[in-house]
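Contents: one structure, followed by commentary.
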Amino acid sequence: MAFYDADAIPEWQGDLFVGALRGESLRRLSLDGDRVTGEEVLLGDMNRRIRDVDVGPDGALYLLTDESDGEILRIVAAD
């Protein structure tokens with residue numbers, strides 16, 4: 001899991017991103033202090049187990065999938 005603290009996607013600032021192995025998705029949790037105030041399921045249609053989540057120096061989210069032919073996915077803001 002990773003807290004989003006970059007500037008590339010301002011609407012995600014302060015949100016927590018959690019990879020779901022069993023749920024095969026990425027979960028975006030909106031926070032107010034230490035309370036979860038919202039949840040968004042992302043990438044659920046890809047059917048990939050998300051092993052790791054990190055924020056890169058470029059402000060993108062990087063995901064590692066847990067497959068025999070695992071992938072590194074880069075998530076950026078839509079233009």
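We name chains A, B, ... following the order of the structure tokens; residues begin at 1 in each chain, and ligands are numbered from 1 as shown.
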Considering only C-alpha atoms, return as a list in words whatever protein or nucleic-acid residues lie within 10 Å of Val55 (chain A), sequence-local ones (same chain, fewer than 6 positions apart) excluded.
Met1, Ala2, Phe3, Tyr4, Asp5, Ala6, Phe17, Leu61, Tyr62, Leu63, Arg74 and Ile75 of chain A
Once DSSP has gone over the backbone, tell me which residues of chain A are in strand (DSSP E or B), as a PyMOL selection string.
chain A and resi 2-3+16-20+25-32+35-42+50-55+61-65+72-75
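Closest approach to Asp34 (chain A) among A:Val53, A:Leu16, A:Leu21, A:Ile9: A:Leu16, based on only C-alpha atoms.
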Using only C-alpha atoms: which of A:Ala77, A:Ala8, A:Leu42, A:Ala20 has the shortest distance to Leu64 (chain A):
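Nearest to Leu64 (chain A): A:Ala20.
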Members of region 7-66 of chain A assigned helix (DSSP H, G or I) by DSSP, as a list in words
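The residues of region 7-66 of chain A classed as helix (DSSP H, G or I) are Pro10, Glu11, Trp12, Gly44, Asp45 and Met46 of chain A.
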Suppose we keep C-alpha atoms; can you now write the selection as a CSV table (one decimal), in the first residue's frame?
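As a result, result.csv now contains:
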chain,number,residue,atom,x,y,z
A,10,PRO,CA,-3.8,16.6,-7.1
A,11,GLU,CA,-7.2,15.0,-6.5
A,12,TRP,CA,-5.4,11.9,-5.1
A,44,GLY,CA,-11.1,-4.6,-11.2
A,45,ASP,CA,-11.9,-5.5,-14.8
A,46,MET,CA,-8.2,-6.4,-15.4
Nearby residues (only C-alpha atoms) at most 12 Å from Gly38 (chain A), same-chain spacing under 3 positions excluded, as number ranges by chain:
A: 15-17, 27-32, 35, 41
Give me, as a PDB file with N, CA, C and O atoms, in the first residue's frame, all polymer residues having an atom no more than 9 Å from Asp66 (chain A), counting only C-alpha atoms and skipping those fewer than 4 positions away in the same chain.
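Final output, selection07.pdb:
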ATOM      1  N   LEU A  21      -4.854  -8.663  -3.470  1.00  0.00           N
ATOM      2  CA  LEU A  21      -4.526  -9.946  -4.100  1.00  0.00           C
ATOM      3  C   LEU A  21      -5.794 -10.747  -4.366  1.00  0.00           C
ATOM      4  O   LEU A  21      -6.066 -11.151  -5.488  1.00  0.00           O
ATOM      5  N   ARG A  48      -6.247  -8.865 -12.276  1.00  0.00           N
ATOM      6  CA  ARG A  48      -4.843  -9.027 -11.908  1.00  0.00           C
ATOM      7  C   ARG A  48      -4.720  -8.891 -10.392  1.00  0.00           C
ATOM      8  O   ARG A  48      -5.286  -7.990  -9.796  1.00  0.00           O
ATOM      9  N   ARG A  49      -3.961  -9.792  -9.796  1.00  0.00           N
ATOM     10  CA  ARG A  49      -3.664  -9.694  -8.365  1.00  0.00           C
ATOM     11  C   ARG A  49      -2.577  -8.641  -8.191  1.00  0.00           C
ATOM     12  O   ARG A  49      -1.510  -8.744  -8.792  1.00  0.00           O
ATOM     13  N   ILE A  50      -2.842  -7.612  -7.384  1.00  0.00           N
ATOM     14  CA  ILE A  50      -1.887  -6.525  -7.180  1.00  0.00           C
ATOM     15  C   ILE A  50      -1.044  -6.836  -5.942  1.00  0.00           C
ATOM     16  O   ILE A  50      -1.547  -6.890  -4.830  1.00  0.00           O
ATOM     17  N   ARG A  51       0.238  -7.064  -6.162  1.00  0.00           N
ATOM     18  CA  ARG A  51       1.168  -7.464  -5.105  1.00  0.00           C
ATOM     19  C   ARG A  51       1.740  -6.252  -4.362  1.00  0.00           C
ATOM     20  O   ARG A  51       1.905  -6.271  -3.149  1.00  0.00           O
ATOM     21  N   ASP A  52       2.072  -5.177  -5.108  1.00  0.00           N
ATOM     22  CA  ASP A  52       2.726  -4.035  -4.484  1.00  0.00           C
ATOM     23  C   ASP A  52       2.289  -2.746  -5.164  1.00  0.00           C
ATOM     24  O   ASP A  52       1.965  -2.754  -6.354  1.00  0.00           O
ATOM     25  N   GLY A  70       4.293 -11.777 -14.297  1.00  0.00           N
ATOM     26  CA  GLY A  70       3.931 -10.511 -13.657  1.00  0.00           C
ATOM     27  C   GLY A  70       4.319  -9.290 -14.466  1.00  0.00           C
ATOM     28  O   GLY A  70       5.227  -9.322 -15.297  1.00  0.00           O
ATOM     29  N   GLU A  71       3.606  -8.200 -14.195  1.00  0.00           N
ATOM     30  CA  GLU A  71       3.817  -6.954 -14.911  1.00  0.00           C
ATOM     31  C   GLU A  71       4.047  -5.817 -13.919  1.00  0.00           C
ATOM     32  O   GLU A  71       3.618  -5.889 -12.780  1.00  0.00           O
TER      33      GLU A  71
END
In Å, how far is it from CA of Gly14 (chain A) to CA of Leu43 (chain A)?
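That distance, rounded to one decimal, is 20.0 Å.
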